[in-house]
Amino acid sequence: MAIKAAINAVYVLSEDIVSREIEGELIIVPLVSGIGDMEDELFTLNKTGKAIWNRLDGQKSLRDIVEELSTDYEDPGGEIEKDVIGLVEELLKRRMVVKVPKG
Amino acid sequence: MAHSVKGLTAWDMALRTNRIVICYLLSVDMKPAAIQTLRDFETKPDLFSKKNGELKLSGSDLVEMLRAVLDKGASLRFRAKGFSMSPFIKDNDIITVSPLTDVSIRSGDVAAFIHPEMKKLVIHRVVGKKGECFHIKGDNIPDTDEVIPVTNIMGRVTRVERNGKVISFGLGPERFLIAFLTRIGLLSHLLTPMWKLVRPFVKRMAP
């Protein structure tokens, strides 16, 4: 079943990942069953993905992130929202981000 | 679509395609940052992609990644480079380094440590202990052992994989004998004949 991301929800990076910026590239190693696997489970984000990733701080909703990115970049055809939702759904599927409960 | 190309009045037909690409990239660079779209300058179409073994980390980057993973109490699985631990760990074997949480490191263990002078990650065998330092040596190098402060030791190798198989020989109880032979400098002389002798058993032990 596909995991859906909600535009008004807040997400934060999971505790079970290690990420480092190496030579301008964001490298993510998920810790699955206590192992970070650089051989078979290593992920990278491109610049667009990194701009979104850096804003997943557990404070801003996805709508806030879209608005923030829209002030810095042109947004023909609502591409930013599609990218933000698409990336967060991909990260949710791999348990790299978690939804922050409303409080 | 026509591209305007400043400074190029004659086209070299043989290189035409490449030059269009180069000039197009240069012209994009002239747009002010505030009106770029998010995807401008993007060289990779996927926001998120799996990279796996394609990534070659420098020594310091690998140390940083290893430290970050071990600090979370997790292990790191990565490809080892070099021949100093052959035949127990060979070049391109995949090793798993685990944190030193519950069990302290002992003679015979294969340690991952930061070399005090070279400042890089080294994977060698512990062959003895003196105070707060360990004597550590590569199984396949005739040099004298090195004295490494306990604070430089990051973790212990807990698994070795080669060609999709787990290689447990060298990490089990035999590691004490290997450490002893390494310490007295006999292992590198005995390796070739000994390896021929034990190889059939090692093959049988592999799942």
# chains A, B, ... in the order shown; residues from 1 in each chain; ligands from 1

$ interface_residues --of "chain A" --to "chain B" --cutoff "7 Å" --atoms "only C-alpha atoms" --output "list of chain:residue names"
A:Val18, A:Gly34, A:Ile35, A:Gly36, A:Asp37, A:Met38, A:Glu39, A:Asp40, A:Glu41, A:Leu42, A:Phe43, A:Thr44, A:Leu45, A:Asn46, A:Lys47, A:Thr48, A:Gly49, A:Asp72, A:Tyr73, A:Glu74, A:Asp75, A:Leu87

$ residues_around --residues "stretch 51-64 of chain A" --least-positions-apart "4" --cutoff "8 Å" --atoms "only C-alpha atoms" --output "ChimeraX atom specification"
/A:6-13,47,68,81,84-85,100

$ residues_around --residues "stretch 140-146 of chain B" --least-positions-apart "2" --cutoff "12 Å" --atoms "only C-alpha atoms" --output "VMD selection string"
chain B and resid 82 to 90 113 to 117 122 to 130 133 to 138 148 to 149 178 to 192

$ select_by_dssp --residues "stretch 25-185 of chain B" --states "strand (DSSP E or B)" --output "PyMOL selection string"
chain B and resi 37+48-50+75-79+94-99+110-114+121-130+133-137+146-149+153-162+165-166

$ atom_distance --atom1 "atom CA of B:Arg162" --atom2 "atom CA of B:Ser107"
24.0 Å
